[in-house]
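Reviewing the structure listed below.
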Amino acid sequence: MFSEAHALPRLPFLLLALWAAAPVSAQSVEHGHALYTAHCTACHSVGYNLTGPMHLGVVGRKAGSVPGFDYSPALRHSKLVWTRANLLAWLQDPEALIPGQGMDFSLESARDREDVVAYLATLTPASK
């Protein structure tokens, strides 16, 4: 027979076990910055165009709209806005999101994608 008196002392252990088994979903801006530096800066910069367009203000911006950057026709004509969800999909498989685009890089780890997008979200004109 179940007794509340016996269950209460075990409750903290049960909660700890449930917490430990929960997936980690917090984003790390610091880790995202490190990943950005390691993987993205060969083609991108925060404040100016390189082989790829600048990323300052990317979250919320229409894809293919940075002045002075020569986008692929696919990106230039897309109606996509860089939301967090779209950036996550882009970093997972750019070609699946916008066929005919020109970026040939992706991040395999979902956690890495989340962290890079968390970092990109900090790149607002006021943060520069």
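By convention here, the chains of the structure tokens are called A, B, ... in the order presented, each chain's residues are numbered starting at 1, and ligands are numbered starting at 1 in the order presented.
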Contacts of A:Leu88 within 12 Å, only C-alpha atoms, excl. fewer than 3 positions in-chain, as number ranges by chain: A: 59, 82-85, 91-94, 96-97, 106-118, 120-121
For N, CA and C atoms, I'd like the residues from the last selection saved as an mmCIF file, in the first residue's frame.
data_model
loop_
_atom_site.group_PDB
_atom_site.id
_atom_site.type_symbol
_atom_site.label_atom_id
_atom_site.label_comp_id
_atom_site.auth_asym_id
_atom_site.auth_seq_id
_atom_site.Cartn_x
_atom_site.Cartn_y
_atom_site.Cartn_z
ATOM 1 N N VAL A 59 19.197 38.994 -37.560
ATOM 2 C CA VAL A 59 17.923 38.487 -37.051
ATOM 3 C C VAL A 59 16.849 39.547 -37.295
ATOM 4 N N TRP A 82 14.984 36.454 -41.821
ATOM 5 C CA TRP A 82 15.861 35.698 -40.928
ATOM 6 C C TRP A 82 15.337 35.723 -39.496
ATOM 7 N N THR A 83 14.406 34.852 -39.230
ATOM 8 C CA THR A 83 13.941 34.614 -37.861
ATOM 9 C C THR A 83 14.883 33.593 -37.226
ATOM 10 N N ARG A 84 14.753 33.399 -35.943
ATOM 11 C CA ARG A 84 15.566 32.366 -35.279
ATOM 12 C C ARG A 84 15.300 30.994 -35.907
ATOM 13 N N ALA A 85 14.027 30.688 -36.153
ATOM 14 C CA ALA A 85 13.682 29.384 -36.736
ATOM 15 C C ALA A 85 14.285 29.233 -38.132
ATOM 16 N N LEU A 91 21.242 26.978 -41.021
ATOM 17 C CA LEU A 91 22.501 26.411 -40.542
ATOM 18 C C LEU A 91 22.498 24.884 -40.566
ATOM 19 N N GLN A 92 21.324 24.285 -40.586
ATOM 20 C CA GLN A 92 21.240 22.829 -40.682
ATOM 21 C C GLN A 92 21.427 22.378 -42.129
ATOM 22 N N ASP A 93 20.778 23.073 -43.074
ATOM 23 C CA ASP A 93 20.854 22.679 -44.483
ATOM 24 C C ASP A 93 20.415 23.857 -45.353
ATOM 25 N N PRO A 94 21.358 24.743 -45.709
ATOM 26 C CA PRO A 94 20.994 25.928 -46.484
ATOM 27 C C PRO A 94 20.276 25.600 -47.799
ATOM 28 N N ALA A 96 18.382 23.066 -48.563
ATOM 29 C CA ALA A 96 17.006 22.617 -48.344
ATOM 30 C C ALA A 96 16.082 23.806 -48.091
ATOM 31 N N LEU A 97 16.599 24.831 -47.429
ATOM 32 C CA LEU A 97 15.781 26.005 -47.118
ATOM 33 C C LEU A 97 15.588 26.897 -48.342
ATOM 34 N N SER A 106 27.319 23.898 -43.221
ATOM 35 C CA SER A 106 26.239 23.645 -42.273
ATOM 36 C C SER A 106 26.850 23.212 -40.944
ATOM 37 N N LEU A 107 26.055 23.305 -39.905
ATOM 38 C CA LEU A 107 26.469 22.836 -38.579
ATOM 39 C C LEU A 107 25.680 21.580 -38.254
ATOM 40 N N GLU A 108 26.375 20.502 -37.957
ATOM 41 C CA GLU A 108 25.734 19.212 -37.706
ATOM 42 C C GLU A 108 24.974 19.176 -36.382
ATOM 43 N N SER A 109 25.523 19.807 -35.364
ATOM 44 C CA SER A 109 24.947 19.735 -34.022
ATOM 45 C C SER A 109 23.825 20.757 -33.839
ATOM 46 N N ALA A 110 22.670 20.271 -33.385
ATOM 47 C CA ALA A 110 21.547 21.173 -33.099
ATOM 48 C C ALA A 110 21.932 22.182 -32.017
ATOM 49 N N ARG A 111 22.657 21.732 -31.029
ATOM 50 C CA ARG A 111 23.095 22.639 -29.948
ATOM 51 C C ARG A 111 23.999 23.739 -30.498
ATOM 52 N N ASP A 112 24.921 23.382 -31.398
ATOM 53 C CA ASP A 112 25.798 24.385 -32.008
ATOM 54 C C ASP A 112 24.981 25.389 -32.813
ATOM 55 N N ARG A 113 24.000 24.913 -33.560
ATOM 56 C CA ARG A 113 23.147 25.816 -34.337
ATOM 57 C C ARG A 113 22.404 26.777 -33.410
ATOM 58 N N GLU A 114 21.857 26.254 -32.326
ATOM 59 C CA GLU A 114 21.141 27.100 -31.361
ATOM 60 C C GLU A 114 22.066 28.161 -30.772
ATOM 61 N N ASP A 115 23.285 27.774 -30.456
ATOM 62 C CA ASP A 115 24.230 28.709 -29.853
ATOM 63 C C ASP A 115 24.675 29.778 -30.846
ATOM 64 N N VAL A 116 24.910 29.407 -32.090
ATOM 65 C CA VAL A 116 25.294 30.401 -33.098
ATOM 66 C C VAL A 116 24.148 31.387 -33.318
ATOM 67 N N VAL A 117 22.930 30.897 -33.389
ATOM 68 C CA VAL A 117 21.781 31.790 -33.572
ATOM 69 C C VAL A 117 21.604 32.691 -32.351
ATOM 70 N N ALA A 118 21.840 32.169 -31.168
ATOM 71 C CA ALA A 118 21.779 33.001 -29.958
ATOM 72 C C ALA A 118 22.810 34.125 -30.047
ATOM 73 N N LEU A 120 24.118 35.354 -32.938
ATOM 74 C CA LEU A 120 23.691 36.260 -34.015
ATOM 75 C C LEU A 120 22.603 37.224 -33.532
ATOM 76 N N ALA A 121 21.749 36.760 -32.640
ATOM 77 C CA ALA A 121 20.674 37.607 -32.111
ATOM 78 C C ALA A 121 21.200 38.781 -31.297
#
Selection near stretch 50-56 of chain A, 10 Å with only C-alpha atoms, sequence-local residues under 2 positions removed, as a PyMOL selection string: chain A and resi 40-48+58-59+61+64-71+102-103+120-128
Next, the residues of the selection above should be written as a CSV table (one decimal), in the first residue's frame with N, CA and C atoms.
chain,number,residue,atom,x,y,z
A,40,CYS,N,32.7,30.7,-39.1
A,40,CYS,CA,32.0,31.7,-40.0
A,40,CYS,C,32.8,32.8,-40.5
A,41,THR,N,33.9,33.2,-39.7
A,41,THR,CA,34.6,34.4,-40.1
A,41,THR,C,35.5,34.2,-41.3
A,42,ALA,N,35.7,33.0,-41.8
A,42,ALA,CA,36.4,32.9,-43.1
A,42,ALA,C,35.6,33.6,-44.2
A,43,CYS,N,34.3,33.6,-44.1
A,43,CYS,CA,33.5,34.2,-45.2
A,43,CYS,C,32.6,35.4,-44.7
A,44,HIS,N,32.4,35.5,-43.4
A,44,HIS,CA,31.5,36.5,-42.9
A,44,HIS,C,32.2,37.4,-41.9
A,45,SER,N,31.6,38.6,-41.7
A,45,SER,CA,32.0,39.5,-40.7
A,45,SER,C,30.8,40.1,-40.0
A,46,VAL,N,30.9,40.6,-38.8
A,46,VAL,CA,29.8,41.3,-38.2
A,46,VAL,C,29.4,42.5,-38.9
A,47,GLY,N,30.4,43.4,-39.2
A,47,GLY,CA,30.1,44.7,-39.7
A,47,GLY,C,30.4,45.0,-41.2
A,48,TYR,N,30.9,44.1,-41.9
A,48,TYR,CA,31.1,44.4,-43.4
A,48,TYR,C,31.1,43.1,-44.2
A,58,VAL,N,21.3,40.7,-38.5
A,58,VAL,CA,20.7,39.6,-39.4
A,58,VAL,C,19.4,39.1,-38.9
A,59,VAL,N,19.2,39.0,-37.6
A,59,VAL,CA,17.9,38.5,-37.1
A,59,VAL,C,16.8,39.5,-37.3
A,61,ARG,N,16.0,40.5,-40.4
A,61,ARG,CA,16.3,41.1,-41.7
A,61,ARG,C,15.8,40.2,-42.8
A,64,GLY,N,18.8,38.3,-48.4
A,64,GLY,CA,19.2,38.8,-49.6
A,64,GLY,C,19.1,40.3,-49.7
A,65,SER,N,19.2,41.0,-48.6
A,65,SER,CA,18.9,42.5,-48.6
A,65,SER,C,20.0,43.4,-48.1
A,66,VAL,N,21.2,42.8,-47.8
A,66,VAL,CA,22.3,43.7,-47.4
A,66,VAL,C,22.8,44.5,-48.5
A,67,PRO,N,22.8,45.8,-48.4
A,67,PRO,CA,23.3,46.7,-49.5
A,67,PRO,C,24.7,46.4,-49.9
A,68,GLY,N,25.0,46.3,-51.2
A,68,GLY,CA,26.4,46.1,-51.6
A,68,GLY,C,26.8,44.7,-51.7
A,69,PHE,N,26.0,43.7,-51.3
A,69,PHE,CA,26.4,42.3,-51.4
A,69,PHE,C,25.8,41.7,-52.6
A,70,ASP,N,26.5,40.9,-53.4
A,70,ASP,CA,26.1,40.3,-54.6
A,70,ASP,C,25.5,38.9,-54.3
A,71,TYR,N,24.2,38.8,-54.0
A,71,TYR,CA,23.6,37.5,-53.6
A,71,TYR,C,23.3,36.7,-54.8
A,102,GLY,N,24.1,30.0,-52.4
A,102,GLY,CA,25.5,29.7,-52.6
A,102,GLY,C,26.3,29.3,-51.4
A,103,MET,N,25.8,29.1,-50.2
A,103,MET,CA,26.5,28.7,-49.0
A,103,MET,C,26.6,27.2,-49.0
A,120,LEU,N,24.1,35.4,-32.9
A,120,LEU,CA,23.7,36.3,-34.0
A,120,LEU,C,22.6,37.2,-33.5
A,121,ALA,N,21.7,36.8,-32.6
A,121,ALA,CA,20.7,37.6,-32.1
A,121,ALA,C,21.2,38.8,-31.3
A,122,THR,N,22.4,38.7,-30.8
A,122,THR,CA,23.0,39.8,-30.1
A,122,THR,C,23.6,40.9,-31.0
A,123,LEU,N,23.7,40.6,-32.3
A,123,LEU,CA,24.4,41.5,-33.2
A,123,LEU,C,23.4,42.5,-33.8
A,124,THR,N,23.0,43.4,-32.9
A,124,THR,CA,22.1,44.5,-33.3
A,124,THR,C,22.9,45.8,-33.6
A,125,PRO,N,22.5,46.7,-34.4
A,125,PRO,CA,23.2,47.9,-34.6
A,125,PRO,C,23.6,48.6,-33.3
A,126,ALA,N,22.8,48.6,-32.3
A,126,ALA,CA,23.1,49.2,-31.0
A,126,ALA,C,24.3,48.5,-30.3
A,127,SER,N,24.5,47.2,-30.6
A,127,SER,CA,25.6,46.4,-29.9
A,127,SER,C,26.9,46.6,-30.5
A,128,LYS,N,27.0,47.2,-31.7
A,128,LYS,CA,28.3,47.4,-32.4
A,128,LYS,C,29.2,48.4,-31.8
Those of stretch 22-96 of chain A in DSSP alpha helix (DSSP H), formatted as a list in words: Val29, Glu30, His31, Gly32, His33, Ala34, Leu35, Tyr36, Thr37, Ala38, His39, Pro73, Ala74, Leu75, Arg76, His77, Arg84, Ala85, Asn86, Leu87, Leu88, Ala89, Trp90, Leu91, Gln92, Pro94, Glu95 and Ala96 of chain A
Atom CA of A:Pro73 to atom CA of A:Phe105, straight-line distance in Å: 18.3 Å
Atomic distance atom CA of A:Lys62 - atom CA of A:Tyr119, expressed in Å with one decimal: 18.3 Å
